[in-house]
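J.: Got a structure for you, written out below as structure tokens; questions coming shortly.
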Amino acid sequence: MASLRTSLLLAAALCALAFSAASASRDLRPLRAGFVVRGRVWCDTCRAGFETPASTYIAGAKVRVDCKSKSTGAKTCSFEGHTDRTGTYNILVADEHEHELCESALVSSPDMGCAKVVAGRERAPVFLTSNNGVASNVRMANALGFQKDVALPRCAQILRMYEEDRV
């Protein structure tokens, strides 16, 4: 009988210890209110389709982060922001979006001389989940781009740097 009582007490103590340890580890994990999506918006001054040494960054560009359901494709949320003087945006996105496809997208440029979207550079995927091994809540998006209506005069010389046949 004493052996049964000892076993029951030991089992109860082990359960209490396990519950206490699980509860403590859960409490130590930081709560995530959401994410910051960070990226830059550039002006393709050479109309090259990619960033060059002549590229500039656009202050005041409007950018949106959109998320949609992986299963239905229905839009689930949208968050907007603007670039700072360095062409960098930091858009706060609430909540966890593990089961959604999210991306940064260009909305508009304040520079009317550089307001046409560079094809293929208008969107950038971002993964907004805490379940991907990334410790920070900041998520980096690839740079988004607009292009100038007319290339700068010095661009011909700049683009020669990218020729494969250079000797």
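Ordered as shown in the structure tokens, chains take letters A, B, and onward, while each chain numbers its residues from 1 and ligands are numbered from 1 in the order shown.
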DSSP on the backbone, strand (DSSP E) only: what residues of segment 39-128 of chain A does that give? Format it as number ranges by chain.

T.: A: 39-44, 56-57, 62-69, 75-82, 88-94, 100-108, 116-117, 123-126

J.: What's around Phe50 of chain A at 9 Å? Count only C-alpha atoms, leave out sequence neighbours fewer than 3 positions away in its own chain, and write the answer as a list of chain:residue names.

T.: A:Asp44, A:Cys46, A:Arg47, A:Ser55, A:Val118, A:Arg121, A:Gly145

J.: If you measure from atom CA of Ala48 of chain A to atom CA of Leu159 of chain A, what distance in Å do you get, rounded to one decimal?

T.: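 Atom CA of Leu159 of chain A lies 7.8 Å from atom CA of Ala48 of chain A.
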
J.: When you look at Gly39 of chain A with a cut-off of 8 Å (counting only C-alpha atoms), what residues show up, excluding the ones that are within fewer than 5 positions of it in the same chain? I need them as number ranges by chain.

T.: A: 88-90, 140-144

J.: Taking into account only C-alpha atoms, which residue in the set A:Ala151, A:Ala94, A:Thr83, A:Ala135 is nearest to Cys114 of chain A?

T.: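 Using only C-alpha atoms, the shortest distance to Cys114 of chain A belongs to A:Ala151.
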
J.: Give me, as an MDAnalysis selection string, the residues of segment 15-165 of chain A that a backbone DSSP run labels alpha helix (DSSP H).

T.: chainID A and resid 15:28 155:160

J.: Restricted to all heavy atoms, what would the selected residues look like written as a short mmCIF file (atom, residue, chain, number, x, y, z; two decimals), in the first residue's frame?

T.:
data_model
loop_
_atom_site.label_atom_id
_atom_site.label_comp_id
_atom_site.auth_asym_id
_atom_site.auth_seq_id
_atom_site.Cartn_x
_atom_site.Cartn_y
_atom_site.Cartn_z
N CYS A 15 4.00 14.82 -13.08
CA CYS A 15 3.02 15.54 -13.91
C CYS A 15 3.05 17.04 -13.61
O CYS A 15 3.02 17.87 -14.51
CB CYS A 15 1.61 14.99 -13.67
SG CYS A 15 1.35 13.39 -14.46
N ALA A 16 3.09 17.37 -12.33
CA ALA A 16 3.14 18.78 -11.94
C ALA A 16 4.41 19.44 -12.46
O ALA A 16 4.38 20.57 -12.97
CB ALA A 16 3.04 18.93 -10.43
N LEU A 17 5.53 18.73 -12.38
CA LEU A 17 6.80 19.25 -12.87
C LEU A 17 6.76 19.45 -14.39
O LEU A 17 7.20 20.47 -14.90
CB LEU A 17 7.94 18.31 -12.48
CG LEU A 17 9.35 18.75 -12.83
CD1 LEU A 17 9.68 20.07 -12.13
CD2 LEU A 17 10.35 17.69 -12.45
N ALA A 18 6.22 18.47 -15.10
CA ALA A 18 6.12 18.56 -16.56
C ALA A 18 5.22 19.73 -16.96
O ALA A 18 5.54 20.51 -17.86
CB ALA A 18 5.59 17.26 -17.15
N PHE A 19 4.08 19.87 -16.28
CA PHE A 19 3.17 20.98 -16.59
C PHE A 19 3.83 22.31 -16.30
O PHE A 19 3.74 23.26 -17.07
CB PHE A 19 1.88 20.84 -15.77
CG PHE A 19 0.94 21.98 -15.97
CD1 PHE A 19 0.13 22.04 -17.10
CD2 PHE A 19 0.85 23.01 -15.05
CE1 PHE A 19 -0.72 23.10 -17.30
CE2 PHE A 19 0.01 24.07 -15.25
CZ PHE A 19 -0.80 24.12 -16.37
N SER A 20 4.53 22.37 -15.17
CA SER A 20 5.22 23.60 -14.79
C SER A 20 6.30 23.97 -15.80
O SER A 20 6.44 25.13 -16.19
CB SER A 20 5.82 23.42 -13.40
OG SER A 20 6.53 24.56 -13.01
N ALA A 21 7.06 23.00 -16.27
CA ALA A 21 8.13 23.25 -17.25
C ALA A 21 7.54 23.69 -18.58
O ALA A 21 8.04 24.62 -19.22
CB ALA A 21 8.98 22.00 -17.43
N ALA A 22 6.46 23.05 -19.01
CA ALA A 22 5.82 23.42 -20.28
C ALA A 22 5.25 24.83 -20.18
O ALA A 22 5.39 25.64 -21.09
CB ALA A 22 4.72 22.43 -20.63
N SER A 23 4.64 25.13 -19.06
CA SER A 23 4.06 26.45 -18.86
C SER A 23 5.15 27.52 -18.82
O SER A 23 5.02 28.58 -19.42
CB SER A 23 3.26 26.46 -17.55
OG SER A 23 2.75 27.73 -17.31
N ALA A 24 6.26 27.23 -18.14
CA ALA A 24 7.35 28.19 -18.03
C ALA A 24 7.98 28.45 -19.39
O ALA A 24 8.26 29.59 -19.75
CB ALA A 24 8.40 27.70 -17.05
N SER A 25 8.20 27.40 -20.18
CA SER A 25 8.82 27.61 -21.48
C SER A 25 7.90 28.38 -22.42
O SER A 25 8.33 29.18 -23.21
CB SER A 25 9.22 26.27 -22.11
OG SER A 25 8.07 25.52 -22.45
N ARG A 26 6.61 28.16 -22.31
CA ARG A 26 5.65 28.89 -23.13
C ARG A 26 5.65 30.37 -22.75
O ARG A 26 5.56 31.23 -23.60
CB ARG A 26 4.26 28.27 -22.96
CG ARG A 26 3.25 28.80 -23.91
CD ARG A 26 1.90 28.09 -23.86
NE ARG A 26 1.54 27.59 -22.55
CZ ARG A 26 1.35 26.31 -22.26
NH1 ARG A 26 1.48 25.40 -23.17
NH2 ARG A 26 1.02 25.95 -21.04
N ASP A 27 5.76 30.66 -21.46
CA ASP A 27 5.74 32.04 -21.00
C ASP A 27 7.01 32.79 -21.39
O ASP A 27 6.98 34.01 -21.51
CB ASP A 27 5.56 32.10 -19.48
CG ASP A 27 4.19 31.60 -19.04
OD1 ASP A 27 3.28 31.57 -19.88
OD2 ASP A 27 4.06 31.24 -17.87
N LEU A 28 8.12 32.07 -21.55
CA LEU A 28 9.38 32.73 -21.89
C LEU A 28 9.44 33.11 -23.37
O LEU A 28 10.21 33.98 -23.75
CB LEU A 28 10.56 31.82 -21.54
CG LEU A 28 10.77 31.56 -20.05
CD1 LEU A 28 11.90 30.57 -19.84
CD2 LEU A 28 11.05 32.86 -19.33
N CYS A 155 23.96 56.53 -69.41
CA CYS A 155 23.60 55.11 -69.25
C CYS A 155 24.27 54.20 -70.28
O CYS A 155 24.57 53.05 -69.97
CB CYS A 155 22.09 54.94 -69.30
SG CYS A 155 21.31 55.56 -67.78
N ALA A 156 24.51 54.69 -71.49
CA ALA A 156 25.16 53.84 -72.50
C ALA A 156 26.51 53.37 -71.97
O ALA A 156 26.86 52.19 -72.10
CB ALA A 156 25.31 54.60 -73.81
N GLN A 157 27.26 54.28 -71.37
CA GLN A 157 28.57 53.93 -70.81
C GLN A 157 28.41 52.97 -69.63
O GLN A 157 29.16 51.99 -69.52
CB GLN A 157 29.30 55.19 -70.37
CG GLN A 157 30.66 54.92 -69.77
CD GLN A 157 31.33 56.20 -69.27
OE1 GLN A 157 30.78 57.29 -69.38
NE2 GLN A 157 32.51 56.04 -68.71
N ILE A 158 27.43 53.20 -68.78
CA ILE A 158 27.20 52.33 -67.63
C ILE A 158 26.82 50.92 -68.07
O ILE A 158 27.34 49.93 -67.56
CB ILE A 158 26.11 52.93 -66.71
CG1 ILE A 158 26.66 54.18 -66.01
CG2 ILE A 158 25.63 51.90 -65.67
CD1 ILE A 158 25.62 54.99 -65.28
N LEU A 159 25.96 50.82 -69.06
CA LEU A 159 25.49 49.51 -69.51
C LEU A 159 26.58 48.70 -70.20
O LEU A 159 26.53 47.47 -70.23
CB LEU A 159 24.26 49.65 -70.39
CG LEU A 159 23.02 50.18 -69.65
CD1 LEU A 159 21.86 50.36 -70.60
CD2 LEU A 159 22.64 49.25 -68.50
N ARG A 160 27.59 49.37 -70.73
CA ARG A 160 28.72 48.65 -71.34
C ARG A 160 29.46 47.81 -70.30
O ARG A 160 30.07 46.80 -70.64
CB ARG A 160 29.68 49.62 -72.03
CG ARG A 160 29.23 49.99 -73.44
CD ARG A 160 30.34 50.64 -74.23
NE ARG A 160 30.61 52.00 -73.80
CZ ARG A 160 29.96 53.09 -74.26
NH1 ARG A 160 29.01 52.97 -75.14
NH2 ARG A 160 30.27 54.28 -73.82
#

J.: So how far away is atom CA of Arg40 of chain A from atom CA of Tyr162 of chain A, in Å?

T.: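 Between atom CA of Tyr162 of chain A and atom CA of Arg40 of chain A the gap is 22.7 Å.
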
J.: Please compute the atom CA of Met112 of chain A-atom CA of Leu92 of chain A distance, one decimal, in Å.

T.: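 Separation of atom CA of Met112 of chain A and atom CA of Leu92 of chain A: 26.9 Å.
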
J.: Calculated over only C-alpha atoms, which of the candidates A:Thr45, A:His97, A:Thr86, A:Lys70 has the smallest distance to Ser130 of chain A?

T.: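 Distance minimum relative to Ser130 of chain A lands on A:His97.
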
J.: Which residues are close to Ala119 of chain A, i.e. within 10 Å by only C-alpha atoms, leaving aside same-chain residues fewer than 3 positions away? Reply as a PyMOL selection string.

T.: chain A and resi 49+116+122-123+144-147

J.: Please, could you write that set of residues out with N, CA and C atoms as a PDB file, in the first residue's frame?

T.:
ATOM      1  N   GLY A  49      16.180  47.483 -66.499  1.00  0.00           N
ATOM      2  CA  GLY A  49      15.411  46.390 -65.919  1.00  0.00           C
ATOM      3  C   GLY A  49      16.013  45.855 -64.638  1.00  0.00           C
ATOM      4  N   LYS A 116       6.624  54.601 -64.324  1.00  0.00           N
ATOM      5  CA  LYS A 116       6.240  53.378 -65.021  1.00  0.00           C
ATOM      6  C   LYS A 116       6.888  52.195 -64.308  1.00  0.00           C
ATOM      7  N   GLU A 122       7.613  44.618 -59.916  1.00  0.00           N
ATOM      8  CA  GLU A 122       6.492  45.289 -59.281  1.00  0.00           C
ATOM      9  C   GLU A 122       5.998  44.582 -58.021  1.00  0.00           C
ATOM     10  N   ARG A 123       6.442  43.340 -57.798  1.00  0.00           N
ATOM     11  CA  ARG A 123       6.014  42.549 -56.647  1.00  0.00           C
ATOM     12  C   ARG A 123       7.196  41.751 -56.091  1.00  0.00           C
ATOM     13  N   LEU A 144      11.785  46.893 -55.276  1.00  0.00           N
ATOM     14  CA  LEU A 144      10.740  47.108 -56.272  1.00  0.00           C
ATOM     15  C   LEU A 144      11.144  48.294 -57.130  1.00  0.00           C
ATOM     16  N   GLY A 145      10.757  48.296 -58.417  1.00  0.00           N
ATOM     17  CA  GLY A 145      11.264  49.355 -59.283  1.00  0.00           C
ATOM     18  C   GLY A 145      10.295  50.009 -60.242  1.00  0.00           C
ATOM     19  N   PHE A 146      10.493  51.307 -60.403  1.00  0.00           N
ATOM     20  CA  PHE A 146       9.870  52.116 -61.446  1.00  0.00           C
ATOM     21  C   PHE A 146      10.977  52.483 -62.428  1.00  0.00           C
ATOM     22  N   GLN A 147      10.598  52.904 -63.643  1.00  0.00           N
ATOM     23  CA  GLN A 147      11.633  53.320 -64.595  1.00  0.00           C
ATOM     24  C   GLN A 147      11.347  54.709 -65.147  1.00  0.00           C
TER      25      GLN A 147
END
